[in-house]
file protein-v7.cif (mmCIF, C-alpha atoms)
data_query
loop_
_atom_site.label_atom_id
_atom_site.label_comp_id
_atom_site.auth_asym_id
_atom_site.auth_seq_id
_atom_site.Cartn_x
_atom_site.Cartn_y
_atom_site.Cartn_z
CA MET L 1 -4.73 -43.86 3.28
CA LYS L 2 -4.55 -46.75 0.84
CA ARG L 3 -0.77 -46.75 1.18
CA VAL L 4 -0.92 -47.03 4.97
CA LEU L 5 -3.42 -49.88 4.76
CA GLU L 6 -1.16 -51.78 2.38
CA THR L 7 1.88 -51.47 4.59
CA LYS L 8 -0.10 -52.82 7.49
CA GLU L 9 -1.11 -55.85 5.42
CA VAL L 10 2.46 -56.56 4.40
CA ALA L 11 3.42 -56.55 8.06
CA GLY L 12 1.11 -59.51 8.53
CA GLN L 13 -1.46 -57.71 10.63
CA SER L 14 -5.03 -56.84 9.98
CA PRO L 15 -5.51 -53.42 8.42
CA ASN L 16 -5.94 -50.95 11.21
CA TYR L 17 -8.60 -48.69 9.84
CA LEU L 18 -8.71 -46.44 12.86
CA LEU L 19 -4.96 -45.89 12.88
CA ALA L 20 -4.94 -45.01 9.20
CA LYS L 21 -7.83 -42.64 9.70
CA ALA L 22 -6.01 -40.99 12.59
CA GLN L 23 -2.87 -40.61 10.54
CA ASP L 24 -4.83 -39.00 7.75
CA LEU L 25 -6.38 -36.60 10.19
CA VAL L 26 -2.97 -35.64 11.57
CA ASP L 27 -1.58 -35.17 8.07
CA TRP L 28 -4.54 -33.04 7.10
CA ALA L 29 -4.17 -30.83 10.17
CA VAL L 30 -0.39 -30.48 9.88
CA ASN L 31 -0.34 -29.91 6.13
CA SER L 32 -3.17 -27.39 6.23
CA SER L 33 -1.37 -25.45 8.91
CA ARG L 34 1.86 -25.51 6.99
CA ALA L 35 0.40 -24.70 3.58
CA ASN L 36 -1.88 -21.93 4.77
CA SER L 37 0.75 -20.11 6.77
CA LEU L 38 3.86 -20.05 4.63
CA TRP L 39 6.29 -17.37 5.70
CA PRO L 40 8.35 -16.39 2.69
CA MET L 41 12.00 -15.44 2.83
CA PRO L 42 12.39 -13.08 -0.14
CA PHE L 43 15.73 -13.32 -1.89
CA GLY L 44 15.24 -10.65 -4.52
CA THR L 45 18.19 -9.85 -6.75
CA ALA L 46 16.70 -8.39 -9.92
CA CYS L 47 13.57 -7.28 -11.75
CA CYS L 48 11.66 -10.37 -10.52
CA ALA L 49 11.87 -8.81 -7.07
CA ILE L 50 9.80 -5.88 -8.37
CA GLU L 51 7.07 -8.29 -9.44
CA PHE L 52 7.47 -10.04 -6.11
CA MET L 53 6.84 -6.75 -4.33
CA ALA L 54 3.81 -6.16 -6.53
CA THR L 55 2.56 -9.62 -5.53
CA ALA L 56 2.99 -8.72 -1.89
CA ALA L 57 1.30 -5.33 -2.27
CA SER L 58 -2.38 -4.60 -1.99
CA ARG L 59 -3.58 -5.32 -5.53
CA TYR L 60 -2.43 -8.97 -5.63
CA ASP L 61 -1.74 -9.44 -1.93
CA PHE L 62 -0.37 -12.90 -1.30
CA ALA L 63 -1.27 -12.43 2.35
CA ARG L 64 -4.60 -13.85 1.19
CA PHE L 65 -2.82 -17.19 0.95
CA GLY L 66 -1.29 -17.09 4.40
CA MET L 67 1.94 -15.31 3.45
CA GLU L 68 1.10 -12.36 5.62
CA ARG L 69 4.44 -12.09 7.33
CA GLN L 70 7.58 -11.89 5.25
CA ALA L 71 10.41 -13.38 7.24
CA PHE L 72 13.54 -11.37 6.62
CA SER L 73 15.38 -13.79 8.85
CA PRO L 74 15.84 -17.27 7.39
CA ARG L 75 15.37 -18.75 10.85
CA GLN L 76 11.69 -17.85 10.84
CA ALA L 77 11.01 -18.66 7.21
CA ASP L 78 9.27 -21.58 5.52
CA VAL L 79 9.72 -20.86 1.84
CA LEU L 80 12.71 -19.27 0.15
CA ILE L 81 11.66 -17.30 -2.93
CA CYS L 82 14.63 -16.60 -5.17
CA ALA L 83 13.41 -13.72 -7.34
CA GLY L 84 16.05 -12.86 -9.90
CA ARG L 85 19.37 -13.93 -11.30
CA LEU L 86 21.93 -15.48 -9.00
CA PRO L 87 25.60 -14.73 -9.64
CA PHE L 88 28.23 -17.21 -8.47
CA LYS L 89 29.29 -14.69 -5.85
CA LEU L 90 25.86 -15.03 -4.21
CA ALA L 91 25.77 -18.83 -4.43
CA PRO L 92 27.35 -19.45 -1.01
CA VAL L 93 25.06 -16.80 0.44
CA ILE L 94 21.82 -18.40 -0.75
CA ARG L 95 23.12 -21.80 0.31
CA ARG L 96 23.83 -20.47 3.79
CA ILE L 97 20.39 -18.87 3.98
CA TYR L 98 18.83 -22.15 2.92
CA ASP L 99 20.83 -24.09 5.51
CA GLN L 100 19.72 -21.67 8.21
CA MET L 101 16.02 -22.21 7.49
CA PRO L 102 14.38 -24.76 9.82
CA GLN L 103 12.73 -27.87 8.41
CA PRO L 104 10.26 -28.21 6.80
CA LYS L 105 11.30 -25.75 4.11
CA TRP L 106 10.53 -25.18 0.47
CA VAL L 107 12.05 -23.16 -2.35
CA ILE L 108 10.36 -21.29 -5.19
CA SER L 109 12.56 -20.35 -8.11
CA MET L 110 10.95 -17.26 -9.59
CA GLY L 111 11.66 -16.31 -13.19
CA ALA L 112 13.80 -17.52 -16.06
CA CYS L 113 17.14 -16.45 -14.59
CA ALA L 114 16.72 -18.17 -11.24
CA SER L 115 15.43 -21.31 -12.94
CA THR L 116 17.88 -21.63 -15.83
CA GLY L 117 20.24 -18.68 -15.93
CA GLY L 118 17.97 -17.10 -18.53
CA ILE L 119 19.69 -14.81 -21.01
CA PHE L 120 22.77 -14.64 -18.78
CA ASP L 121 24.65 -17.64 -20.11
CA ASN L 122 28.02 -16.25 -19.06
CA TYR L 123 30.93 -16.62 -16.67
CA ALA L 124 29.29 -14.90 -13.72
CA MET L 125 25.86 -16.48 -13.47
CA VAL L 126 24.57 -19.66 -11.85
CA GLN L 127 22.71 -21.64 -14.52
CA GLY L 128 19.68 -22.48 -12.42
CA ILE L 129 19.58 -22.30 -8.64
CA ASP L 130 18.78 -26.01 -8.47
CA THR L 131 22.55 -26.54 -8.76
CA ILE L 132 22.80 -24.78 -5.38
CA VAL L 133 19.59 -25.55 -3.44
CA PRO L 134 16.72 -27.96 -4.15
CA VAL L 135 13.76 -26.27 -5.84
CA ASP L 136 10.11 -27.22 -5.34
CA VAL L 137 8.32 -24.91 -7.78
CA TYR L 138 9.73 -23.17 -10.86
CA VAL L 139 7.81 -20.10 -11.98
CA PRO L 140 8.54 -19.26 -15.64
CA GLY L 141 8.48 -15.73 -17.03
CA CYS L 142 10.81 -12.82 -17.55
CA PRO L 143 9.72 -11.60 -15.11
CA PRO L 144 6.59 -13.58 -14.18
CA ARG L 145 3.49 -11.52 -13.60
CA PRO L 146 2.14 -11.53 -10.03
CA GLU L 147 -0.54 -13.98 -11.18
CA GLY L 148 2.27 -16.33 -12.19
CA LEU L 149 3.91 -16.19 -8.80
CA LEU L 150 0.55 -16.66 -7.08
CA TYR L 151 -0.08 -19.73 -9.23
CA GLY L 152 3.34 -21.05 -8.19
CA VAL L 153 2.46 -20.48 -4.54
CA LEU L 154 -0.82 -22.36 -5.02
CA LEU L 155 1.08 -25.23 -6.66
CA LEU L 156 3.33 -25.30 -3.62
CA HIS L 157 0.23 -25.47 -1.40
CA LYS L 158 -0.90 -28.47 -3.41
CA LYS L 159 2.49 -30.10 -3.01
CA ILE L 160 2.56 -29.51 0.75
CA LYS L 161 -0.93 -30.93 1.17
CA GLY L 162 0.20 -34.12 -0.55
CA GLU L 163 2.97 -34.74 1.98
CA SER L 164 2.66 -37.16 4.87
CA LEU L 165 4.32 -37.19 8.26
CA PHE L 166 4.17 -40.99 8.22
CA ASP L 167 5.75 -41.49 4.82
CA ARG L 168 9.05 -39.69 4.61
CA ALA L 169 9.63 -40.92 1.08
CA ALA L 170 7.23 -38.29 -0.22
CA ARG L 171 9.47 -35.58 1.25
CA ARG L 172 13.00 -35.58 -0.01
CA GLU L 173 15.08 -34.13 2.81
CA GLU L 174 18.02 -32.11 1.58
CA GLN L 175 21.37 -33.48 2.61
CA PRO L 176 24.36 -31.30 3.47
CA LEU L 177 26.81 -30.66 0.66
CA ASP L 178 28.96 -33.66 -0.11
CA GLU L 179 32.72 -33.85 0.36
CA ARG L 180 33.27 -32.15 -3.02
CA GLY L 181 31.14 -29.26 -1.79
CA LEU L 182 28.35 -29.95 -4.29
CA ARG L 183 24.74 -31.03 -3.89
CA LEU L 184 24.54 -32.74 -7.28
CA PRO L 185 27.06 -34.91 -9.15
CA PRO L 186 29.32 -32.73 -11.35
CA GLU L 187 28.10 -34.42 -14.54
CA GLN L 188 24.54 -33.49 -13.68
CA ILE L 189 25.49 -29.86 -13.02
CA ASP L 190 27.29 -29.72 -16.36
CA GLU L 191 24.28 -31.25 -18.09
CA ILE L 192 21.68 -28.89 -16.68
CA SER L 193 23.99 -25.93 -17.31
CA GLU L 194 24.31 -26.75 -21.01
CA PRO L 195 23.44 -23.84 -23.29
CA PHE L 196 20.03 -24.00 -24.90
CA GLY L 197 17.92 -21.83 -27.16
CA ASN L 198 19.73 -18.88 -28.64
CA SER L 199 22.84 -19.26 -26.52
CA ILE L 200 23.96 -22.39 -28.42
CA HIS L 201 25.22 -19.92 -31.04
CA GLN L 202 27.79 -18.57 -28.60
CA PHE L 203 31.06 -20.43 -28.53
CA ARG L 204 32.49 -21.67 -25.28
CA SER L 205 36.06 -20.89 -26.29
CA ALA L 206 37.15 -17.49 -27.50
CA MET J 1 39.51 20.26 -30.89
CA ASN J 2 40.02 21.02 -27.24
CA PRO J 3 42.71 23.77 -26.84
CA SER J 4 44.20 21.81 -23.92
CA VAL J 5 45.81 19.46 -26.43
CA GLU J 6 48.06 22.16 -27.87
CA THR J 7 49.13 23.28 -24.40
CA LEU J 8 49.78 19.67 -23.46
CA ARG J 9 51.96 19.20 -26.52
CA ALA J 10 53.89 22.35 -25.74
CA THR J 11 54.49 21.19 -22.17
CA PHE J 12 55.08 17.46 -22.52
CA GLY J 13 56.36 17.20 -26.08
CA SER J 14 56.71 13.72 -27.47
CA ALA J 15 54.92 12.06 -24.54
CA ILE J 16 51.70 13.28 -26.10
CA GLY J 17 50.64 11.16 -29.05
CA ARG J 18 47.95 11.79 -31.59
CA ALA J 19 44.74 13.59 -30.73
CA VAL J 20 41.45 12.91 -32.42
CA GLU J 21 37.99 14.36 -32.21
CA SER J 22 35.06 12.02 -31.91
CA CYS J 23 31.41 13.03 -31.50
CA GLY J 24 32.46 16.42 -30.23
CA ASP J 25 34.87 15.00 -27.64
CA THR J 26 38.61 15.34 -27.80
CA ILE J 27 40.65 12.20 -27.25
CA VAL J 28 44.34 12.53 -26.57
CA TYR J 29 46.70 9.55 -26.51
CA VAL J 30 49.60 9.74 -24.07
CA GLU J 31 52.63 7.69 -23.10
CA ARG J 32 52.13 5.79 -19.88
CA ALA J 33 55.40 7.05 -18.39
CA ALA J 34 54.10 10.63 -18.45
CA LEU J 35 50.59 9.77 -17.30
CA LEU J 36 50.77 10.65 -13.63
CA GLU J 37 52.68 13.88 -14.18
CA MET J 38 50.36 14.89 -17.00
CA MET J 39 47.18 14.19 -15.02
CA SER J 40 48.56 16.18 -12.14
CA TRP J 41 49.34 19.03 -14.52
CA LEU J 42 45.85 18.86 -16.05
CA ARG J 43 44.27 18.99 -12.62
CA ASP J 44 46.32 21.79 -11.08
CA THR J 45 47.34 24.16 -13.86
CA PRO J 46 45.29 27.36 -14.03
CA GLY J 47 43.47 27.40 -17.32
CA GLN J 48 43.17 23.60 -17.35
CA GLN J 49 41.56 22.78 -13.98
CA TYR J 50 40.29 19.33 -14.90
CA ASP J 51 39.26 18.77 -11.32
CA TYR J 52 36.68 16.04 -11.77
CA LEU J 53 37.58 12.48 -12.75
CA VAL J 54 34.42 11.17 -14.39
CA ASP J 55 35.50 7.60 -15.06
CA VAL J 56 38.38 5.24 -15.52
CA THR J 57 37.76 2.30 -17.80
CA ALA J 58 39.46 0.21 -20.46
CA VAL J 59 38.65 -1.15 -23.91
CA GLU J 60 39.95 -4.16 -25.77
CA TYR J 61 38.91 -4.31 -29.39
CA ARG J 62 37.94 -7.39 -31.33
CA ASP J 63 40.64 -6.50 -33.82
CA ARG J 64 43.67 -8.27 -32.35
CA GLU J 65 46.02 -5.77 -33.99
CA ARG J 66 44.68 -2.89 -31.93
CA PRO J 67 46.17 -2.27 -28.51
CA LEU J 68 44.28 -2.32 -25.26
CA GLU J 69 43.18 1.18 -24.32
CA LEU J 70 43.00 2.57 -20.82
CA VAL J 71 40.54 5.46 -20.79
CA TYR J 72 40.32 8.41 -18.41
CA ASN J 73 37.39 10.80 -18.71
CA LEU J 74 38.16 14.19 -17.22
CA ARG J 75 35.91 17.19 -16.73
CA SER J 76 36.56 20.68 -15.55
CA LEU J 77 33.61 21.74 -13.44
CA GLU J 78 34.95 25.29 -13.44
CA ARG J 79 35.41 25.65 -17.22
CA ARG J 80 32.73 23.12 -18.30
CA ALA J 81 35.18 21.36 -20.58
CA ASP J 82 35.77 17.66 -21.15
CA LEU J 83 38.91 15.80 -22.11
CA ARG J 84 39.38 12.11 -22.70
CA VAL J 85 42.85 10.72 -22.11
CA LYS J 86 43.86 7.30 -23.42
CA VAL J 87 46.88 5.13 -22.77
CA GLU J 88 47.63 2.38 -25.24
CA LEU J 89 48.94 -0.92 -23.84
CA GLU J 90 50.04 -4.08 -25.60
CA PRO J 91 47.71 -6.89 -24.45
CA GLY J 92 50.56 -9.39 -24.26
CA GLY J 93 53.05 -6.99 -22.71
CA ASP J 94 53.53 -5.19 -19.46
CA LEU J 95 50.19 -4.03 -18.09
CA THR J 96 51.42 -1.80 -15.30
CA VAL J 97 50.36 1.84 -15.15
CA ASP J 98 50.81 4.48 -12.47
CA SER J 99 47.80 4.83 -10.21
CA ILE J 100 46.09 8.22 -10.10
CA VAL J 101 44.59 7.61 -6.65
CA PRO J 102 47.06 10.17 -5.19
CA LEU J 103 45.35 12.77 -7.40
CA TRP J 104 41.72 11.63 -7.14
CA ARG J 105 40.62 9.44 -4.23
CA GLY J 106 37.63 8.47 -6.36
CA ALA J 107 39.87 6.54 -8.70
CA ASP J 108 40.29 3.86 -6.02
CA TRP J 109 37.33 1.64 -6.90
CA LEU J 110 37.45 2.58 -10.60
CA GLU J 111 41.00 1.29 -10.89
CA ARG J 112 40.07 -1.80 -8.91
CA GLU J 113 37.32 -2.50 -11.40
CA VAL J 114 39.69 -2.07 -14.35
CA TYR J 115 42.17 -4.37 -12.63
CA ASP J 116 39.48 -6.96 -11.96
CA MET J 117 38.05 -6.97 -15.47
CA PHE J 118 41.18 -6.37 -17.58
CA GLY J 119 44.16 -7.30 -15.41
CA ILE J 120 45.80 -3.88 -15.68
CA ALA J 121 47.86 -3.36 -12.53
CA PHE J 122 48.08 0.12 -11.05
CA ARG J 123 51.39 0.97 -9.43
CA GLY J 124 50.91 2.85 -6.19
CA HIS J 125 47.27 1.88 -5.66
CA PRO J 126 46.58 1.63 -1.90
CA ASP J 127 44.45 -1.53 -2.03
CA LEU J 128 44.56 -3.22 -5.43
CA ARG J 129 42.15 -6.14 -5.08
CA ARG J 130 39.33 -7.53 -7.17
CA ILE J 131 36.11 -5.62 -6.66
CA LEU J 132 33.38 -7.41 -8.66
CA MET J 133 34.62 -10.98 -8.76
CA TRP J 134 35.50 -12.57 -5.45
CA GLU J 135 38.99 -12.61 -3.96
CA THR J 136 39.76 -16.23 -4.84
CA TYR J 137 38.42 -16.04 -8.42
CA ALA J 138 40.90 -18.03 -10.46
CA GLU J 139 39.64 -17.85 -14.04
CA GLY J 140 41.31 -14.61 -15.06
CA HIS J 141 40.03 -11.23 -16.13
CA PRO J 142 36.57 -11.57 -17.70
CA LEU J 143 36.45 -8.59 -20.07
CA ARG J 144 39.63 -9.55 -21.91
CA LYS J 145 38.99 -10.79 -25.43
CA ASP J 146 40.84 -14.06 -24.81
CA PHE J 147 38.44 -14.87 -21.98
CA PRO J 148 35.71 -17.32 -23.04
CA LEU J 149 32.19 -16.00 -22.49
CA ARG J 150 31.20 -18.82 -20.15
CA GLY J 151 34.47 -18.82 -18.22
CA ARG J 152 37.42 -21.18 -18.40
CA PHE J 153 36.21 -23.85 -16.00
CA SER J 154 33.33 -26.28 -16.39
CA ARG J 155 30.03 -25.29 -14.84
CA ALA J 156 30.42 -27.97 -12.15
CA GLU J 157 33.83 -26.61 -11.21
CA GLN J 158 32.47 -23.07 -11.14
CA VAL J 159 29.63 -24.15 -8.85
CA ARG J 160 32.06 -26.04 -6.63
CA GLN J 161 34.39 -23.08 -6.29
CA ALA J 162 31.48 -20.74 -5.63
CA LEU J 163 29.96 -22.97 -2.97
CA THR J 164 33.24 -23.49 -1.16
CA ALA J 165 33.89 -19.73 -1.05
CA ASN J 166 33.43 -18.04 2.29
CA PRO J 167 30.96 -15.18 1.74
CA GLU J 168 32.59 -13.15 4.47
CA ALA J 169 35.88 -13.20 2.59
CA HIS J 170 34.36 -10.63 0.23
CA TYR J 171 34.39 -7.94 2.87
CA SER J 172 37.23 -5.50 3.17
CA LEU J 173 39.59 -5.72 6.08
CA GLU J 174 38.07 -2.53 7.44
CA GLU J 175 34.57 -3.97 7.44
CA LEU J 176 35.77 -7.20 8.98
CA SER J 177 37.68 -5.59 11.76
CA ILE J 178 35.02 -2.96 12.55
CA ALA J 179 37.94 -1.00 13.84
CA ALA J 180 36.01 2.23 14.31
CA ALA J 181 33.86 0.63 17.01
CA TYR J 182 36.66 -1.34 18.57
CA ASP J 183 36.89 0.64 21.80
CA GLU J 184 33.14 0.46 22.39
CA LEU J 185 32.89 -3.29 22.00
CA PRO J 186 32.44 -5.60 24.99
CA PRO J 187 35.68 -7.18 26.25
CA ASP J 188 34.94 -10.66 24.90
CA MET J 189 34.37 -9.34 21.37
CA ARG J 190 37.51 -7.26 21.60
CA GLU J 191 39.35 -10.41 22.60
CA ARG J 192 37.92 -12.28 19.61
CA LEU J 193 38.95 -9.50 17.24
CA ARG J 194 42.40 -9.33 18.78
CA ARG J 195 42.83 -13.04 18.20
CA GLY J 196 42.16 -12.34 14.54
CA GLU J 197 38.88 -14.22 14.40
CA ARG J 198 37.41 -11.90 11.79
CA GLY J 199 40.33 -10.29 10.08
CA LYS J 200 43.05 -8.02 11.20
CA ILE J 201 42.61 -4.70 12.97
CA PRO J 202 44.55 -1.97 11.23
CA TYR J 203 46.92 0.08 13.41
CA SER J 204 46.66 -2.34 16.37
CA GLU J 205 49.93 -3.61 17.78
#
call {"tool": "encode", "arguments": {"input": "protein-v7.cif", "output": "structure tokens"}}
result
Amino acid sequence: MKRVLETKEVAGQSPNYLLAKAQDLVDWAVNSSRANSLWPMPFGTACCAIEFMATAASRYDFARFGMERQAFSPRQADVLICAGRLPFKLAPVIRRIYDQMPQPKWVISMGACASTGGIFDNYAMVQGIDTIVPVDVYVPGCPPRPEGLLYGVLLLHKKIKGESLFDRAARREEQPLDERGLRLPPEQIDEISEPFGNSIHQFRSA
Amino acid sequence: MNPSVETLRATFGSAIGRAVESCGDTIVYVERAALLEMMSWLRDTPGQQYDYLVDVTAVEYRDRERPLELVYNLRSLERRADLRVKVELEPGGDLTVDSIVPLWRGADWLEREVYDMFGIAFRGHPDLRRILMWETYAEGHPLRKDFPLRGRFSRAEQVRQALTANPEAHYSLEELSIAAAYDELPPDMRERLRRGERGKIPYSE
């Protein structure tokens, strides 16, 4: 609200308290609807998907947080949950799924492999799905327990509730892939794909 | 030692190399020229009847002096006997071996996997394409010892090539053409297929 008031002042007009209040009300209504009814698109490729299923099942039950309906079509989904490692062969697939989801959309990267490549620092594996699609919440763990995924979902709720329809800067809209066919500059991809931890002991060349 | 080795030696002579026993299994090394004939003999001869091809795989050892080994695991369901047949290949030399798909249809995907991972070409294979890596994969054969663990290209280049790949190009021609359902499709879809929109229809025109 403070932000809206300030912009009005810069424009040389008196602060319009009622307008700001109305905007806040709209944001609250829209964001609550979005956050409390997230339809997940599960993209499960590995053991994280087992924990994902446990999270969806009765004991942990993420339907409690509005994720009642799992959208197995990207066109009816709000949040893409990548649960498991992503080989390069699946990279164009997840990108296409992401492109098919309607705005607004969010991505949760579940587990070490989806977030960083994990122990699979080799020729076949994407080193973090953020080189392919933008990621909103990273859930660590190998695999994360259902509590971990639920905490990630709640963090995403928090993030959604902080967005504003009237300030697009808070929401970074994903652009189509650039003319090189990448979403990040190549140097940045190389940098975030650098080996770390134990895999620095493996040599790049034979 | 599996008695099949002695019979093999008597039949094929010098094409059969040394035979060793390892962990209760018999391994027999053969010349690649005699491979197809020998496998056929092992499958069809009464008393041998190795009718089940368990696996086809290959090994390259860290010791650069040792040759690349192509491994066939055979089993006789009738006689409950196993035999492992190996062909030694020079990693730098000619890596062409006769395909055994004419003997066992199941060798189709196994040989494709060996080709994909090791670059061993199978002469006479009906559809020798990569099976695990995608069709346009350009970095080589990943399980060879001269292949760097993280691939030959930079990560950015790998991501670029992966993202520009067409996911549908992974499908086989048969899947793409859905030829089995061709006659039941509506006319406009048949027209699209005929124009080659999604691959070629086998046996059409």
call {"tool": "interface_residues", "arguments": {"input": "protein-v7.cif", "of": "chain J", "to": "chain L", "cutoff": "7 Å", "atoms": "only C-alpha atoms", "output": "ChimeraX atom specification"}}
result
/J:134,146-151,154-156,160,162-165,167
call {"tool": "atom_distance", "arguments": {"input": "protein-v7.cif", "atom1": "CA of Cys113 (chain L)", "atom2": "CA of Ile200 (chain L)"}}
result
16.5 Å
call {"tool": "atom_distance", "arguments": {"input": "protein-v7.cif", "atom1": "CA of Val153 (chain L)", "atom2": "CA of Gly197 (chain L)"}}
result
27.4 Å
call {"tool": "resolve_selection", "arguments": {"input": "protein-v7.cif", "expression": "the PyMOL selection byres ((chain L and resi 70-80) around 6)", "output": "tab-separated table (two decimals) with C-alpha atoms, in the frame of the given file"}}
result
chain	number	residue	atom	x	y	z
L	38	LEU	CA	3.86	-20.05	4.63
L	39	TRP	CA	6.29	-17.37	5.70
L	40	PRO	CA	8.35	-16.39	2.69
L	41	MET	CA	12.00	-15.44	2.83
L	69	ARG	CA	4.44	-12.09	7.33
L	81	ILE	CA	11.66	-17.30	-2.93
L	97	ILE	CA	20.39	-18.87	3.98
L	100	GLN	CA	19.72	-21.67	8.21
L	101	MET	CA	16.02	-22.21	7.49
L	105	LYS	CA	11.30	-25.75	4.11
L	106	TRP	CA	10.53	-25.18	0.47
L	107	VAL	CA	12.05	-23.16	-2.35
call {"tool": "residues_near_point", "arguments": {"input": "protein-v7.cif", "point": "(52.4, 4.5, -10.6)", "cutoff": "12 Å", "atoms": "only C-alpha atoms", "output": "ChimeraX atom specification"}}
result
/J:32-37,39,95-103,111,120-126
